[in-house]
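Notes to accompany the following structure.
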Amino acid sequence: MLDLAQVRCFVVAATELNFRRAAALLNMTQPPLSRQIHLLEHKLGVQLFERVGRTVRLTTEGRVFLADASRLLQLSEQAESTVRRASQGKTGRVRVGFTGAAGYELIPELLMQARQQLPEIDVVLFELISVAQLEAFTANTIDIGFLRPLSSRQPLELALVDDEPLVLAMPKGHALARHAEVATAQLDGQPFIMHSPTHGKYFYERIMAMLGAADVKPDFTQYIDQSHTILSLVRAGLGVGILPASAQRFHYDRVEFRPLAGEVPRAEMSMAWRADQDNPAVTAFRLMAADYCAARAARAAPGGDVAPD
């Protein structure tokens with residue numbers, strides 16, 4: 001193993017070809033410099049310098065070694081810089097899970113922020129429904145998730161990053177579209193496209209609680225995992241569905257939306273991460289995302305500077 005201090009002494013001396021100046025640049029006296037170079041020559045088993053009168057010049061072996069020694073010092077400095085940046089969360093990889101709703105606007109915005117604030121962090125995306133993200137945390141295949149908050153036995157931390165009302169989606173020209181807003185009681189007996197009780201558990205539980213409180217019993221025709229598939233079935237005229245307001249951004253033709261009257265549950269979006277994670281890059285991304293989402297919510301609040309869709 002080469003001693004980097006000895007290699008550094010050699011490179012400076014080989015560049016200056018003057019031991020006095022080289023020693024001054026290294027903040028040492030000439031005898032210790034000469035000793036370090038002699039130790040290096042002994043370790044390599046070659047002579048690196050030769051004296052010609054009062055001048056010093058490199059031997060053939062010295063010239064060959066100088067190129068590699070210089071690269072070795074550069075790599076050493078690069079490795080030191082890289083590990084420092086990694087410890088500060090400025091470099092590394094972050095695996096991010098997200099739902100379709102988050103992928104429409106929030107995730108692209110966060111990627112743009114990360115490109116500006118954390119340009120050396122590699123963000124790897126996984127589009128997963130909320131239940132699948134919990135499974136991905138168990139399998140350690142994601143570091144951060146943007147999901148609907150569900151109960152979990154895992155040591156996950158959650159931070160609310162967005163919330164929105166639920167709205168009614170119906171085929172264009174549906175009788176309920178005559179109303180500016182629709183009461184829950186008006187859904188009684190309606191053909192209804194419902195979220196899956198397993199993979200769409202978050203919405204299933206909230207919608208069922210809302211319907212149950214109003215003693216409403218729709219005619220559930222299908223149970224679906226994804227919001228965009230519910231919208232496709234609504235567009236086909238197979239029933240109505242209750243979705244987060246952001247579903248309107250999918251711009252499905254032949255689908256109309258109306259707000260729901262009265263007390264309506266809100267659809268929350270949370271950022272999740274493992275409580276025991278110790279990756280500085282993950283922490284840096286999480287803090288960046290939290291700051292951005294807080295500023296985003298402030299802009300959207302009444303009286304705030306609302307950004308256009």
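Simple scheme: letters A, B, ... for chains in structure tokens order, numbers from 1 for residues in each chain, numbers from 1 for ligands in the order shown.
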
> Leaving out Ala22 of chain A and any residue of its chain fewer than 3 positions from it, which residues lie within 10 Å of it when counting only C-alpha atoms, given as a ChimeraX atom specification?
Replying inline: /A:9-19,25-30,33

Residue neighbourhood Tyr223 of chain A, 9 Å, only C-alpha atoms, exclusion window fewer than 5 positions, as an mmCIF file with N, CA, C and O atoms, in the first residue's frame:
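Produced file selection_22.cif, reproduced below:
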data_model
loop_
_atom_site.group_PDB
_atom_site.id
_atom_site.type_symbol
_atom_site.label_atom_id
_atom_site.label_comp_id
_atom_site.auth_asym_id
_atom_site.auth_seq_id
_atom_site.Cartn_x
_atom_site.Cartn_y
_atom_site.Cartn_z
ATOM 1 N N ILE A 193 -69.599 2.694 -9.453
ATOM 2 C CA ILE A 193 -68.268 2.087 -9.626
ATOM 3 C C ILE A 193 -67.480 2.405 -8.368
ATOM 4 O O ILE A 193 -67.183 3.559 -8.089
ATOM 5 N N MET A 194 -67.123 1.386 -7.613
ATOM 6 C CA MET A 194 -66.549 1.569 -6.279
ATOM 7 C C MET A 194 -65.072 1.181 -6.253
ATOM 8 O O MET A 194 -64.620 0.324 -7.023
ATOM 9 N N HIS A 195 -64.314 1.824 -5.383
ATOM 10 C CA HIS A 195 -62.918 1.433 -5.161
ATOM 11 C C HIS A 195 -62.859 0.046 -4.523
ATOM 12 O O HIS A 195 -63.745 -0.339 -3.750
ATOM 13 N N SER A 196 -61.809 -0.668 -4.833
ATOM 14 C CA SER A 196 -61.620 -2.010 -4.283
ATOM 15 C C SER A 196 -61.436 -1.941 -2.765
ATOM 16 O O SER A 196 -60.714 -1.074 -2.267
ATOM 17 N N PRO A 197 -62.082 -2.848 -2.018
ATOM 18 C CA PRO A 197 -61.907 -2.846 -0.555
ATOM 19 C C PRO A 197 -60.519 -3.283 -0.107
ATOM 20 O O PRO A 197 -60.155 -3.107 1.053
ATOM 21 N N GLY A 200 -57.912 -0.560 -3.018
ATOM 22 C CA GLY A 200 -58.390 0.820 -2.920
ATOM 23 C C GLY A 200 -58.946 1.105 -1.540
ATOM 24 O O GLY A 200 -59.895 1.894 -1.378
ATOM 25 N N ILE A 230 -61.782 3.698 -13.020
ATOM 26 C CA ILE A 230 -63.134 4.088 -12.605
ATOM 27 C C ILE A 230 -63.690 5.120 -13.569
ATOM 28 O O ILE A 230 -64.846 5.032 -14.014
#

> Any idea what's packed within 10 Å of Gln117 of chain A, counting only C-alpha atoms, ignoring anything in its chain fewer than 5 positions away? Could you give it as a list in words?
Replying inline: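 The residues that qualify are Lys90, Leu111, Met112, Ala284, Phe285 and Met288 of chain A.
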
>> Would you pick out the contacts of Gln226 of chain A at 12 Å or less, using only C-alpha atoms, so that residues sharing its chain but fewer than 6 positions from it are not included, and give the list as number ranges by chain?
In response: A: 99-101, 127-131, 193-204, 232-233, 241, 243-244, 247

> Which value, in Å to one decimal, gives the distance between atom CA of Gly92 of chain A and atom CA of Gly145 of chain A?
Replying inline: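 Separating atom CA of Gly92 of chain A from atom CA of Gly145 of chain A is a distance of 17.3 Å.
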
> Where does DSSP see helix (DSSP H, G or I) in segment 3-189 of chain A, if you list the residues as a PyMOL selection string?
Replying inline: chain A and resi 4-16+19-25+30-44+60-87+100-104+106-117+130-138+175-178+184-187

> Hey, what does DSSP flag as strand (DSSP E) within segment 14-231 of chain A? Can you give it to me as a PyMOL selection string?
Replying inline: chain A and resi 49-52+55-58+91-98+120-127+144-147+156-171+191-195+219-224

For segment 47-50 of chain A, list every protein, DNA or RNA residue within 10 Å, evaluated using only C-alpha atoms, and leave out those in the same chain fewer than 3 positions away; present the list as a PDB file with N, CA and C atoms, in the first residue's frame.
ATOM      1  N   PHE A  10       6.172  13.408  -3.362  1.00  0.00           N
ATOM      2  CA  PHE A  10       6.824  13.134  -4.641  1.00  0.00           C
ATOM      3  C   PHE A  10       6.240  14.013  -5.755  1.00  0.00           C
ATOM      4  N   ALA A  13       7.368  17.620  -5.438  1.00  0.00           N
ATOM      5  CA  ALA A  13       8.791  17.728  -5.764  1.00  0.00           C
ATOM      6  C   ALA A  13       9.036  17.504  -7.259  1.00  0.00           C
ATOM      7  N   ALA A  14       8.297  16.555  -7.863  1.00  0.00           N
ATOM      8  CA  ALA A  14       8.471  16.277  -9.283  1.00  0.00           C
ATOM      9  C   ALA A  14       7.960  17.424 -10.139  1.00  0.00           C
ATOM     10  N   LEU A  17      10.641  20.324  -9.242  1.00  0.00           N
ATOM     11  CA  LEU A  17      12.039  19.947  -9.494  1.00  0.00           C
ATOM     12  C   LEU A  17      12.999  20.840  -8.697  1.00  0.00           C
ATOM     13  N   ILE A  37      10.591  10.983   0.421  1.00  0.00           N
ATOM     14  CA  ILE A  37      10.819  10.500  -0.942  1.00  0.00           C
ATOM     15  C   ILE A  37      11.728   9.278  -0.942  1.00  0.00           C
ATOM     16  N   HIS A  38      12.733   9.272  -0.062  1.00  0.00           N
ATOM     17  CA  HIS A  38      13.598   8.086   0.042  1.00  0.00           C
ATOM     18  C   HIS A  38      12.790   6.870   0.486  1.00  0.00           C
ATOM     19  N   LEU A  40       9.628   6.364  -0.057  1.00  0.00           N
ATOM     20  CA  LEU A  40       8.808   5.955  -1.193  1.00  0.00           C
ATOM     21  C   LEU A  40       9.640   5.184  -2.219  1.00  0.00           C
ATOM     22  N   GLU A  41      10.856   5.670  -2.481  1.00  0.00           N
ATOM     23  CA  GLU A  41      11.725   4.980  -3.435  1.00  0.00           C
ATOM     24  C   GLU A  41      12.057   3.574  -2.926  1.00  0.00           C
ATOM     25  N   HIS A  42      12.284   3.446  -1.621  1.00  0.00           N
ATOM     26  CA  HIS A  42      12.579   2.136  -1.041  1.00  0.00           C
ATOM     27  C   HIS A  42      11.392   1.195  -1.207  1.00  0.00           C
ATOM     28  N   LEU A  44       9.033   1.348  -3.506  1.00  0.00           N
ATOM     29  CA  LEU A  44       8.848   1.021  -4.921  1.00  0.00           C
ATOM     30  C   LEU A  44      10.019   0.215  -5.494  1.00  0.00           C
ATOM     31  N   GLY A  53      24.600  17.891 -11.008  1.00  0.00           N
ATOM     32  CA  GLY A  53      25.144  19.138 -10.481  1.00  0.00           C
ATOM     33  C   GLY A  53      24.237  19.640  -9.364  1.00  0.00           C
ATOM     34  N   THR A  55      21.113  20.627  -9.964  1.00  0.00           N
ATOM     35  CA  THR A  55      19.731  20.461 -10.389  1.00  0.00           C
ATOM     36  C   THR A  55      19.222  19.049 -10.081  1.00  0.00           C
ATOM     37  N   VAL A  56      17.912  18.929 -10.049  1.00  0.00           N
ATOM     38  CA  VAL A  56      17.261  17.640  -9.822  1.00  0.00           C
ATOM     39  C   VAL A  56      16.368  17.354 -11.010  1.00  0.00           C
ATOM     40  N   ARG A  57      16.392  16.153 -11.482  1.00  0.00           N
ATOM     41  CA  ARG A  57      15.492  15.790 -12.555  1.00  0.00           C
ATOM     42  C   ARG A  57      14.942  14.391 -12.303  1.00  0.00           C
ATOM     43  N   LEU A  58      13.820  14.092 -12.980  1.00  0.00           N
ATOM     44  CA  LEU A  58      13.179  12.786 -12.810  1.00  0.00           C
ATOM     45  C   LEU A  58      13.914  11.717 -13.611  1.00  0.00           C
ATOM     46  N   THR A  59      13.973  10.545 -13.042  1.00  0.00           N
ATOM     47  CA  THR A  59      14.464   9.396 -13.799  1.00  0.00           C
ATOM     48  C   THR A  59      13.333   8.927 -14.730  1.00  0.00           C
ATOM     49  N   THR A  60      13.645   7.974 -15.578  1.00  0.00           N
ATOM     50  CA  THR A  60      12.594   7.403 -16.443  1.00  0.00           C
ATOM     51  C   THR A  60      11.478   6.827 -15.585  1.00  0.00           C
ATOM     52  N   GLU A  61      11.871   6.118 -14.502  1.00  0.00           N
ATOM     53  CA  GLU A  61      10.858   5.555 -13.607  1.00  0.00           C
ATOM     54  C   GLU A  61      10.039   6.660 -12.941  1.00  0.00           C
ATOM     55  N   GLY A  62      10.686   7.777 -12.601  1.00  0.00           N
ATOM     56  CA  GLY A  62       9.996   8.897 -11.968  1.00  0.00           C
ATOM     57  C   GLY A  62       8.958   9.518 -12.893  1.00  0.00           C
ATOM     58  N   ARG A  63       9.333   9.647 -14.192  1.00  0.00           N
ATOM     59  CA  ARG A  63       8.390  10.229 -15.146  1.00  0.00           C
ATOM     60  C   ARG A  63       7.181   9.312 -15.332  1.00  0.00           C
ATOM     61  N   VAL A  64       7.424   8.024 -15.391  1.00  0.00           N
ATOM     62  CA  VAL A  64       6.308   7.070 -15.530  1.00  0.00           C
ATOM     63  C   VAL A  64       5.415   7.117 -14.303  1.00  0.00           C
ATOM     64  N   PHE A  65       6.021   7.159 -13.124  1.00  0.00           N
ATOM     65  CA  PHE A  65       5.253   7.124 -11.883  1.00  0.00           C
ATOM     66  C   PHE A  65       4.476   8.420 -11.662  1.00  0.00           C
ATOM     67  N   LEU A  66       4.975   9.552 -12.167  1.00  0.00           N
ATOM     68  CA  LEU A  66       4.336  10.844 -11.922  1.00  0.00           C
ATOM     69  C   LEU A  66       2.899  10.873 -12.448  1.00  0.00           C
TER      70      LEU A  66
END

> With only C-alpha atoms as the basis for distance, which of A:Asp3, A:Asp143, A:Asp163, A:Asp225 is at the shortest distance from Phe98 of chain A?
Replying inline: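 Looking at the shortest contact to Phe98 of chain A, the residue is A:Asp143.
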
> Between A:Pro165, A:Gly189, A:Pro218, A:Pro149, which has the minimum distance to Gln248 of chain A (counting only C-alpha atoms)?
Replying inline: A:Pro165
